[in-house]
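Novice: Input run_25.txt, format and content: compact mmCIF, C-alpha atoms.
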# COMPACT_ATOMS: atom_id res chain seq x y z
CA MET W 22 0.00 0.00 0.00
CA MET W 23 1.34 3.43 -0.90
CA ALA W 24 2.08 5.76 1.99
CA MET W 25 -0.25 8.76 2.22
CA THR W 26 1.13 12.08 1.06
CA ARG W 27 1.32 14.99 3.47
CA LEU W 28 -1.78 16.55 1.88
CA GLU W 29 -3.70 13.27 2.07
CA GLN W 30 -2.90 13.00 5.78
CA GLN W 31 -4.09 16.55 6.35
CA LEU W 32 -7.31 16.04 4.40
CA SER W 33 -8.03 12.77 6.19
CA PHE W 34 -7.84 14.67 9.50
CA CYS W 35 -10.12 17.40 8.08
CA ILE W 36 -12.64 14.72 7.10
CA GLU W 37 -12.38 13.02 10.50
CA LEU W 38 -13.16 16.38 12.15
CA ASP W 39 -16.66 16.23 10.67
CA LYS W 40 -17.59 13.68 13.35
CA LEU W 41 -17.47 16.38 16.04
CA LYS W 42 -20.77 17.66 14.57
CA GLY W 43 -22.37 14.45 15.86
CA ILE W 44 -21.17 14.77 19.47
CA LEU W 45 -24.05 16.13 21.55
CA ARG W 46 -23.53 18.18 24.70
CA GLN W 47 -25.96 18.48 27.62
CA SER W 48 -26.59 22.17 26.91
CA LEU W 49 -29.41 23.20 24.61
CA VAL W 50 -29.02 25.84 21.90
CA MET W 51 -30.54 29.12 23.07
CA ASP W 52 -33.94 28.65 21.41
CA ALA W 53 -34.09 25.36 23.41
CA SER W 54 -35.07 23.41 20.28
CA ARG W 55 -32.31 20.79 20.59
CA ARG W 56 -29.00 19.87 22.23
CA GLU W 57 -25.89 21.71 21.09
CA ASN W 58 -23.11 19.75 19.39
CA SER W 59 -19.42 20.17 20.11
CA ALA W 60 -18.56 21.60 16.67
CA GLU W 61 -20.94 24.55 16.91
CA HIS W 62 -19.95 24.99 20.58
CA SER W 63 -16.30 25.27 19.47
CA TRP W 64 -17.24 27.87 16.84
CA HIS W 65 -19.17 29.89 19.41
CA LEU W 66 -16.20 29.92 21.81
CA ALA W 67 -13.74 30.92 19.09
CA ALA W 68 -15.98 33.76 17.91
CA MET W 69 -16.42 34.96 21.50
CA ALA W 70 -12.64 34.76 22.04
CA THR W 71 -12.02 37.28 19.25
CA LEU W 72 -14.47 39.73 20.89
CA LEU W 73 -13.65 39.44 24.58
CA SER W 74 -9.86 39.22 24.75
CA GLU W 75 -9.66 42.61 26.51
CA TYR W 76 -11.12 40.85 29.58
CA ALA W 77 -8.49 38.08 29.74
CA ALA W 78 -6.69 38.10 33.10
CA GLU W 79 -3.34 38.48 31.32
CA PRO W 80 -2.49 39.54 27.74
CA VAL W 81 -3.00 36.61 25.36
CA ASP W 82 -1.73 35.47 21.97
CA LEU W 83 -5.15 35.40 20.28
CA LEU W 84 -4.04 33.15 17.41
CA ARG W 85 -2.94 30.51 19.93
CA VAL W 86 -6.24 30.88 21.82
CA LEU W 87 -8.20 30.35 18.61
CA LYS W 88 -6.23 27.26 17.60
CA MET W 89 -6.80 25.93 21.12
CA LEU W 90 -10.56 26.52 21.09
CA LEU W 91 -10.93 25.09 17.58
CA VAL W 92 -9.42 21.76 18.69
CA HIS W 93 -10.20 21.71 22.44
CA ASP W 94 -13.07 19.24 22.05
CA VAL W 95 -11.95 17.06 19.12
CA VAL W 96 -10.98 14.26 21.51
CA GLU W 97 -14.71 13.79 22.06
CA ILE W 98 -14.85 12.20 18.59
CA ASP W 99 -13.46 9.08 20.29
CA ALA W 100 -14.05 9.76 23.99
CA GLY W 101 -17.54 11.30 23.84
CA ASP W 102 -18.69 14.36 25.75
CA THR W 103 -18.33 13.98 29.51
CA PHE W 104 -20.99 16.02 31.33
CA ALA W 105 -19.51 18.65 33.64
CA TYR W 106 -21.59 17.30 36.53
CA ASP W 107 -21.19 13.65 35.55
CA THR W 108 -20.72 10.71 37.94
CA ALA W 109 -17.35 10.28 39.62
CA ALA W 110 -16.85 7.05 37.62
CA ASN W 111 -17.17 8.80 34.25
CA LEU W 112 -15.19 11.85 35.33
CA GLY W 113 -12.51 9.47 36.67
CA THR W 114 -11.85 7.78 33.32
CA GLN W 115 -12.22 10.98 31.29
CA HIS W 116 -8.55 11.92 31.34
CA GLU W 117 -7.35 8.52 30.13
CA ARG W 118 -10.04 8.23 27.44
CA GLU W 119 -9.24 11.69 26.14
CA GLN W 120 -5.47 11.18 26.11
CA LYS W 121 -5.92 8.05 24.03
CA ALA W 122 -8.22 9.93 21.67
CA ALA W 123 -5.74 12.79 21.31
CA ASP W 124 -2.99 10.34 20.42
CA ARG W 125 -5.08 8.69 17.70
CA LEU W 126 -6.64 11.85 16.24
CA PHE W 127 -3.60 14.12 16.15
CA GLY W 128 -1.67 11.06 14.96
CA LEU W 129 -3.57 11.25 11.66
CA LEU W 130 -1.67 14.44 10.81
CA PRO W 131 1.90 14.83 9.53
CA PRO W 132 4.06 14.34 12.66
CA GLU W 133 5.17 17.93 13.34
CA GLN W 134 1.66 19.30 12.75
CA GLY W 135 0.07 16.62 14.91
CA ALA W 136 2.59 17.29 17.68
CA GLU W 137 1.86 21.04 17.58
CA LEU W 138 -1.90 20.53 17.97
CA HIS W 139 -1.44 17.83 20.61
CA ALA W 140 0.73 20.25 22.61
CA ILE W 141 -1.89 23.00 22.27
CA TRP W 142 -4.58 20.58 23.48
CA ASP W 143 -2.39 19.50 26.43
CA GLU W 144 -1.88 23.18 27.23
CA PHE W 145 -5.66 23.76 27.24
CA GLU W 146 -6.13 20.84 29.63
CA ALA W 147 -3.35 21.93 32.00
CA ARG W 148 -4.77 25.48 32.44
CA GLN W 149 -1.42 27.01 33.35
CA THR W 150 -0.78 29.57 30.60
CA ALA W 151 -2.54 32.88 29.98
CA GLU W 152 -4.03 31.48 26.75
CA SER W 153 -5.39 28.31 28.33
CA LYS W 154 -6.84 30.18 31.31
CA TYR W 155 -8.70 32.52 28.96
CA ALA W 156 -9.85 29.62 26.75
CA ASN W 157 -11.10 27.66 29.76
CA ALA W 158 -12.94 30.74 31.06
CA LEU W 159 -14.81 31.00 27.74
CA ASP W 160 -15.56 27.27 27.86
CA ARG W 161 -17.45 27.92 31.13
CA LEU W 162 -18.97 31.30 30.28
CA GLN W 163 -20.63 30.23 27.02
CA PRO W 164 -22.65 27.35 28.54
CA LEU W 165 -23.72 29.68 31.37
CA LEU W 166 -25.15 32.16 28.84
CA GLN W 167 -26.58 29.25 26.87
CA ASN W 168 -28.28 27.57 29.85
CA HIS W 169 -29.62 30.86 31.13
CA HIS W 170 -31.07 31.85 27.74
CA SER W 171 -32.56 28.44 27.00
CA GLY W 172 -34.57 28.40 30.22
CA GLY W 173 -32.10 26.39 32.31
CA GLN W 174 -33.48 23.02 31.20
CA SER W 175 -30.10 21.33 31.48
CA TRP W 176 -29.67 22.60 35.08
CA ILE W 177 -33.23 21.65 36.02
CA LYS W 178 -32.98 18.17 34.46
CA HIS W 179 -29.87 17.39 36.51
CA SER W 180 -30.97 19.25 39.71
CA ILE W 181 -27.87 21.42 39.67
CA THR W 182 -27.25 23.61 42.73
CA ARG W 183 -25.99 27.17 42.99
CA GLU W 184 -22.84 25.87 44.65
CA GLN W 185 -22.15 23.49 41.74
CA VAL W 186 -22.57 26.27 39.18
CA ILE W 187 -20.36 28.69 41.11
CA ASP W 188 -17.72 25.99 41.57
CA ARG W 189 -17.84 25.31 37.82
CA MET W 190 -17.49 29.04 37.08
CA ASN W 191 -14.22 29.27 39.00
CA ALA W 192 -12.39 29.13 35.65
CA VAL W 193 -14.10 32.41 34.68
CA LYS W 194 -12.96 34.02 37.94
CA MET W 195 -9.39 32.95 37.14
CA GLY W 196 -9.31 33.66 33.40
CA MET W 197 -11.70 36.60 33.01
CA PRO W 198 -12.00 38.21 36.46
CA ALA W 199 -13.78 41.29 35.08
CA LEU W 200 -16.68 39.01 34.07
CA TRP W 201 -17.24 37.73 37.62
CA PRO W 202 -19.95 40.26 38.62
CA THR W 203 -21.83 39.36 35.41
CA VAL W 204 -21.52 35.65 36.19
CA MET W 205 -22.86 36.16 39.72
CA LYS W 206 -25.75 38.26 38.41
CA ILE W 207 -26.73 35.49 35.98
CA VAL W 208 -26.44 32.83 38.70
CA ASP W 209 -28.65 34.93 41.00
CA GLN W 210 -31.23 35.37 38.23
CA ALA W 211 -31.14 31.63 37.49
CA CYS W 212 -31.78 30.91 41.20
CA GLU W 213 -34.63 33.45 41.35
CA ALA W 214 -36.20 31.85 38.29
CA GLY W 215 -35.92 28.35 39.79
CA MET W 216 -33.49 27.12 37.11
CA VAL W 217 -30.78 26.42 39.68
CA ARG W 218 -31.43 25.01 43.18
CA ARG W 219 -30.33 27.21 46.10
CA SER W 220 -28.77 24.20 47.86
CA MET D 253 -33.61 53.48 29.60
CA MET D 254 -29.97 53.13 30.59
CA ALA D 255 -27.47 52.78 27.76
CA MET D 256 -25.84 49.37 27.54
CA THR D 257 -22.29 49.09 28.82
CA ARG D 258 -19.53 47.98 26.46
CA LEU D 259 -19.58 44.48 27.97
CA GLU D 260 -23.37 44.26 27.68
CA GLN D 261 -23.13 45.16 23.99
CA GLN D 262 -20.48 42.50 23.44
CA LEU D 263 -22.44 39.82 25.28
CA SER D 264 -25.64 40.69 23.40
CA PHE D 265 -23.74 40.06 20.14
CA CYS D 266 -22.37 36.77 21.54
CA ILE D 267 -25.92 35.71 22.40
CA GLU D 268 -27.21 36.78 18.97
CA LEU D 269 -24.51 34.59 17.36
CA ASP D 270 -26.26 31.51 18.73
CA LYS D 271 -28.88 31.88 15.98
CA LEU D 272 -26.32 30.81 13.35
CA LYS D 273 -26.72 27.27 14.74
CA GLY D 274 -30.24 27.30 13.35
CA ILE D 275 -29.32 28.31 9.78
CA LEU D 276 -29.33 25.16 7.65
CA ARG D 277 -27.17 24.76 4.56
CA GLN D 278 -27.89 22.53 1.56
CA SER D 279 -24.89 20.29 2.34
CA LEU D 280 -25.33 17.26 4.56
CA VAL D 281 -22.89 16.37 7.33
CA MET D 282 -20.61 13.57 6.17
CA ASP D 283 -22.60 10.71 7.71
CA ALA D 284 -25.54 12.10 5.65
CA SER D 285 -27.82 12.04 8.72
CA ARG D 286 -28.89 15.68 8.45
CA ARG D 287 -28.18 19.07 6.88
CA GLU D 288 -25.19 21.00 8.16
CA ASN D 289 -25.73 24.33 9.91
CA SER D 290 -23.69 27.45 9.31
CA ALA D 291 -22.14 27.52 12.80
CA GLU D 292 -20.56 24.07 12.53
CA HIS D 293 -19.60 24.82 8.91
CA SER D 294 -17.74 27.94 10.14
CA TRP D 295 -15.93 25.89 12.78
CA HIS D 296 -14.91 23.31 10.20
CA LEU D 297 -13.48 25.98 7.89
CA ALA D 298 -11.57 27.69 10.70
CA ALA D 299 -10.07 24.38 11.87
CA MET D 300 -9.08 23.52 8.29
CA ALA D 301 -7.55 26.98 7.85
CA THR D 302 -5.12 26.36 10.71
CA LEU D 303 -3.97 23.11 9.05
CA LEU D 304 -3.75 24.04 5.37
CA SER D 305 -2.23 27.53 5.32
CA GLU D 306 0.93 26.22 3.64
CA TYR D 307 -1.20 25.76 0.48
CA ALA D 308 -2.47 29.37 0.36
CA ALA D 309 -1.55 31.03 -2.95
CA GLU D 310 0.24 33.81 -1.06
CA PRO D 311 1.46 34.02 2.56
CA VAL D 312 -1.46 34.84 4.89
CA ASP D 313 -2.02 36.41 8.29
CA LEU D 314 -3.67 33.37 9.85
CA LEU D 315 -5.27 35.31 12.72
CA ARG D 316 -7.06 37.52 10.19
CA VAL D 317 -8.14 34.45 8.20
CA LEU D 318 -9.60 32.87 11.33
CA LYS D 319 -11.50 36.01 12.35
CA MET D 320 -12.82 36.16 8.78
CA LEU D 321 -14.00 32.54 8.71
CA LEU D 322 -15.56 32.77 12.17
CA VAL D 323 -17.82 35.65 11.07
CA HIS D 324 -18.11 35.04 7.31
CA ASP D 325 -21.62 33.57 7.54
CA VAL D 326 -23.14 35.51 10.47
CA VAL D 327 -25.13 37.69 8.04
CA GLU D 328 -27.22 34.56 7.36
CA ILE D 329 -28.81 35.09 10.80
CA ASP D 330 -30.93 37.76 9.08
CA ALA D 331 -30.46 37.00 5.38
CA GLY D 332 -30.66 33.18 5.45
CA ASP D 333 -28.38 30.82 3.57
CA THR D 334 -28.44 31.38 -0.18
CA PHE D 335 -27.77 28.13 -2.03
CA ALA D 336 -24.69 28.31 -4.24
CA TYR D 337 -26.77 27.12 -7.22
CA ASP D 338 -29.87 29.12 -6.27
CA THR D 339 -32.20 30.90 -8.71
CA ALA D 340 -31.02 34.14 -10.30
CA ALA D 341 -33.73 35.99 -8.35
CA ASN D 342 -32.41 34.87 -4.96
CA LEU D 343 -28.77 35.27 -5.93
CA GLY D 344 -29.62 38.75 -7.23
CA THR D 345 -30.95 40.05 -3.92
CA GLN D 346 -28.32 38.24 -1.84
CA HIS D 347 -25.84 41.09 -1.75
CA GLU D 348 -28.36 43.68 -0.58
CA ARG D 349 -29.91 41.34 2.02
CA GLU D 350 -26.51 40.47 3.42
CA GLN D 351 -25.26 44.07 3.56
CA LYS D 352 -28.32 45.05 5.57
CA ALA D 353 -27.77 42.08 7.87
CA ALA D 354 -24.10 43.01 8.38
CA ASP D 355 -25.08 46.56 9.31
CA ARG D 356 -27.57 45.37 11.92
CA LEU D 357 -25.50 42.54 13.40
CA PHE D 358 -22.11 44.23 13.62
CA GLY D 359 -24.01 47.31 14.81
CA LEU D 360 -24.81 45.47 18.05
CA LEU D 361 -21.12 45.70 19.02
CA PRO D 362 -19.23 48.68 20.43
CA PRO D 363 -18.59 50.89 17.36
CA GLU D 364 -14.86 50.29 16.79
CA GLN D 365 -15.23 46.53 17.29
CA GLY D 366 -18.27 46.36 15.03
CA ALA D 367 -16.45 48.37 12.37
CA GLU D 368 -13.44 46.02 12.51
CA LEU D 369 -15.56 42.91 11.99
CA HIS D 370 -17.68 44.59 9.33
CA ALA D 371 -14.50 45.46 7.44
CA ILE D 372 -13.23 41.87 7.75
CA TRP D 373 -16.56 40.59 6.42
CA ASP D 374 -16.44 43.10 3.52
CA GLU D 375 -12.91 41.90 2.80
CA PHE D 376 -14.09 38.28 2.67
CA GLU D 377 -16.83 39.21 0.23
CA ALA D 378 -14.53 41.26 -2.04
CA ARG D 379 -11.97 38.40 -2.48
CA GLN D 380 -9.08 40.73 -3.24
CA THR D 381 -6.60 40.10 -0.40
CA ALA D 382 -4.46 37.00 0.20
CA GLU D 383 -6.46 36.26 3.36
CA SER D 384 -9.86 36.50 1.68
CA LYS D 385 -8.76 34.41 -1.31
CA TYR D 386 -7.57 31.66 1.02
CA ALA D 387 -10.74 31.90 3.14
CA ASN D 388 -12.97 31.71 0.05
CA ALA D 389 -11.00 28.70 -1.23
CA LEU D 390 -11.70 26.85 2.03
CA ASP D 391 -15.37 27.87 1.82
CA ARG D 392 -15.53 25.95 -1.50
CA LEU D 393 -13.23 23.06 -0.62
CA GLN D 394 -15.03 21.99 2.56
CA PRO D 395 -18.47 21.51 0.91
CA LEU D 396 -16.77 19.55 -1.90
CA LEU D 397 -15.27 17.12 0.63
CA GLN D 398 -18.58 17.13 2.51
CA ASN D 399 -20.75 16.40 -0.56
CA HIS D 400 -18.37 13.76 -1.82
CA HIS D 401 -18.24 11.95 1.54
CA SER D 402 -21.98 12.15 2.18
CA GLY D 403 -22.83 10.43 -1.11
CA GLY D 404 -23.45 13.58 -3.14
CA GLN D 405 -27.11 13.84 -2.15
CA SER D 406 -27.11 17.63 -2.34
CA TRP D 407 -25.65 17.50 -5.90
CA ILE D 408 -28.10 14.78 -6.97
CA LYS D 409 -31.12 16.54 -5.47
CA HIS D 410 -30.36 19.71 -7.43
CA SER D 411 -29.10 17.96 -10.63
CA ILE D 412 -25.76 19.74 -10.46
CA THR D 413 -23.43 19.37 -13.46
CA ARG D 414 -19.70 18.90 -13.64
CA GLU D 415 -19.39 22.35 -15.19
CA GLN D 416 -21.30 23.96 -12.33
CA VAL D 417 -19.07 22.29 -9.74
CA ILE D 418 -15.87 23.21 -11.56
CA ASP D 419 -17.08 26.79 -11.95
CA ARG D 420 -17.86 26.91 -8.23
CA MET D 421 -14.38 25.53 -7.44
CA ASN D 422 -12.66 28.39 -9.23
CA ALA D 423 -12.06 30.02 -5.83
CA VAL D 424 -9.92 27.00 -4.87
CA LYS D 425 -7.86 27.37 -8.05
CA MET D 426 -7.25 31.02 -7.15
CA GLY D 427 -6.70 30.69 -3.40
CA MET D 428 -5.14 27.23 -3.04
CA PRO D 429 -3.75 26.29 -6.46
CA ALA D 430 -1.84 23.29 -5.08
CA LEU D 431 -5.20 21.72 -4.21
CA TRP D 432 -6.48 21.87 -7.80
CA PRO D 433 -5.41 18.33 -8.83
CA THR D 434 -7.15 16.99 -5.71
CA VAL D 435 -10.31 18.94 -6.55
CA MET D 436 -10.34 17.58 -10.11
CA LYS D 437 -9.81 14.03 -8.84
CA ILE D 438 -12.79 14.36 -6.50
CA VAL D 439 -14.95 15.87 -9.26
CA ASP D 440 -14.00 13.00 -11.57
CA GLN D 441 -14.86 10.44 -8.89
CA ALA D 442 -18.18 12.20 -8.21
CA CYS D 443 -18.98 12.02 -11.95
CA GLU D 444 -17.99 8.33 -12.13
CA ALA D 445 -20.22 7.59 -9.15
CA GLY D 446 -23.17 9.43 -10.72
CA MET D 447 -23.27 12.10 -7.99
CA VAL D 448 -22.60 14.89 -10.48
CA ARG D 449 -24.05 15.01 -14.03
CA ARG D 450 -21.51 15.08 -16.85
CA SER D 451 -23.46 17.87 -18.58
Using structure tokens, write down the structure that the file contains.
Specialist:
Amino acid sequence: MMAMTRLEQQLSFCIELDKLKGILRQSLVMDASRRENSAEHSWHLAAMATLLSEYAAEPVDLLRVLKMLLVHDVVEIDAGDTFAYDTAANLGTQHEREQKAADRLFGLLPPEQGAELHAIWDEFEARQTAESKYANALDRLQPLLQNHHSGGQSWIKHSITREQVIDRMNAVKMGMPALWPTVMKIVDQACEAGMVRRS
Amino acid sequence: MMAMTRLEQQLSFCIELDKLKGILRQSLVMDASRRENSAEHSWHLAAMATLLSEYAAEPVDLLRVLKMLLVHDVVEIDAGDTFAYDTAANLGTQHEREQKAADRLFGLLPPEQGAELHAIWDEFEARQTAESKYANALDRLQPLLQNHHSGGQSWIKHSITREQVIDRMNAVKMGMPALWPTVMKIVDQACEAGMVRRS
């Protein structure tokens, strides 16, 4: 069998990416008509990142942030979406499942390109750099807006408490501290409206 | 009524963006289970842009390309998706409908940020710069891969000819000339398989 050319490797990865459109998240789109998939979620985060970078806790390299957000969920193609408030058992195996997925998926690319994206994905997961803190903040902020605007059905369905939401929003406090008062206002409104349990 | 703060304007635009997830294109996702929406399409293009920039006809500012691809379809929130092979009547009013949509949507943002994105969208539409030629090439290449891999149902449904596809792919020839042999190979295969009419 002939080895794939560099371009063929790249296009095979591009084709594989299409599967992310079939990975459903727990959040509903804002008109509450259906669950959001991870591809459109990734687009929403990347678009928001271009608009809100002035609120990042530290100055960020926006190109690196965008690359990170565009690939941050591709591991779900193999590992599936793990719900933020999932059982300990599922959350416990998430890291291993996702590492394996990253190895296979980024392994489809020419080696140096695959290694670059794998490193960017590792960086997102480790949440140590300015870029990954900002990217993780957006990854929490967007579902908050989404849940709030879609009537909180995902919170209600899973009986989520105020404490759980605030704990989850810690990444926003770290990565976009100027957004914290807005986050708290939304959480308070969601409690008032009965979307989130007080305890 | 109190004027909106800068942050409130930005978040209202971010919330408005969610509507792009409800704009359906003619192309099917690759497993052919449903039509693709413009939000996930935009994500797919942006992800591909990060991987294929070495094939751009001229060197590109990748950050500008990504911003362009992330917003290139947002006008469809008001103007709807116009099918590439639509009637002359619909194609004729497309420009005016989309300009009006751009004015309203980018007008939700703080003025200097709205003006920046409006200019990037205008640049995409005008196809004069290296960045917009590359972005437009990707906007043609991705649906080609998509249609080919989903069994060509969108081509078959609309009785699309080889000439129409090749004409549509001209943007790839201009923006990513190294991809042209690949495009022709896919078109030939699609003809062989009866997905595209020979004339």
Novice: Mind checking which residues fall within 7 Å of stretch 169-177 of chain W, counting all atoms listed in the file, ignoring those fewer than 5 positions away in the same chain, and posting them as a ChimeraX atom specification?
Specialist: /W:47-53,211,216-217
Novice: Using only C-alpha atoms, what does the table of chain D residues within 6 Å of chain W look like, with each row giving the shortest atom pair and its distance in Å to one decimal, sorted by chain and ascending number, as CSV?
Specialist:
residue,atom,partner,partner_atom,distance
D:Ala291,CA,W:Glu61,CA,5.2
D:Glu292,CA,W:Glu61,CA,4.4
D:Trp295,CA,W:Trp64,CA,4.7
D:Ala299,CA,W:Leu91,CA,5.8
D:Leu315,CA,W:Leu84,CA,5.3
D:Leu322,CA,W:Ala68,CA,5.8
Novice: Please provide as an NGL selection string all residues within 7 Å of stretch 149-156 of chain W, with the sequence filter that same-chain residues fewer than 5 positions apart are discarded (counting only C-alpha atoms).
Specialist: :W and (77 or 79 or 81-82 or 85-86 or 90 or 144 or 195-197)
Novice: Write out as a list in words each polymer residue whose atoms come within 9 Å of D:Glu350, counting all atoms listed in the file; drop sequence neighbours fewer than 4 positions from it.
Specialist: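 The residues satisfying every condition are Val327, Glu328, Asp330, Ala331, Gly332, Thr345, Gln346, Ala354 and Asp355 of chain D.
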Novice: State, in Å with one decimal place, the distance from atom CA of W:Gly128 to atom CA of W:Asp94.
Specialist: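 Separating atom CA of W:Gly128 from atom CA of W:Asp94 is a distance of 15.7 Å.
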Novice: Could you pull the residues within 10 Å of D:Trp432, counting all atoms listed in the file, minus those fewer than 6 positions along the same chain, as a list in words?
Specialist: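 Everything that qualifies: Leu393, Met421, Asn422, Val424, Lys425, Met426 and Ile438 of chain D.
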Novice: Would you save the residues from that selection as an mmCIF file, in the coordinates of the input, using C-alpha atoms?
Specialist:
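Printed below is out_18.cif as written:
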data_model
loop_
_atom_site.group_PDB
_atom_site.id
_atom_site.type_symbol
_atom_site.label_atom_id
_atom_site.label_comp_id
_atom_site.auth_asym_id
_atom_site.auth_seq_id
_atom_site.Cartn_x
_atom_site.Cartn_y
_atom_site.Cartn_z
ATOM 1 C CA LEU D 393 -13.230 23.060 -0.620
ATOM 2 C CA MET D 421 -14.380 25.530 -7.440
ATOM 3 C CA ASN D 422 -12.660 28.390 -9.230
ATOM 4 C CA VAL D 424 -9.920 27.000 -4.870
ATOM 5 C CA LYS D 425 -7.860 27.370 -8.050
ATOM 6 C CA MET D 426 -7.250 31.020 -7.150
ATOM 7 C CA ILE D 438 -12.790 14.360 -6.500
#
Novice: Work out how far atom CA of W:Ala158 is from atom CA of W:Ala78, in Å to one decimal.
Specialist: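 Result for atom CA of W:Ala78 versus atom CA of W:Ala158: 9.9 Å, one decimal.
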Novice: Might you pull out every residue within 8 Å of W:Asp102, with all atoms listed in the file counted and same-chain residues fewer than 4 positions away left off, and present them as a VMD selection string?
Specialist: chain W and resid 44 to 46 97
Novice: Kindly give the distance, in Å, that separates atom CA of W:Thr103 and atom CA of W:Ala140, rounded to a single decimal.
Specialist: 21.2 Å
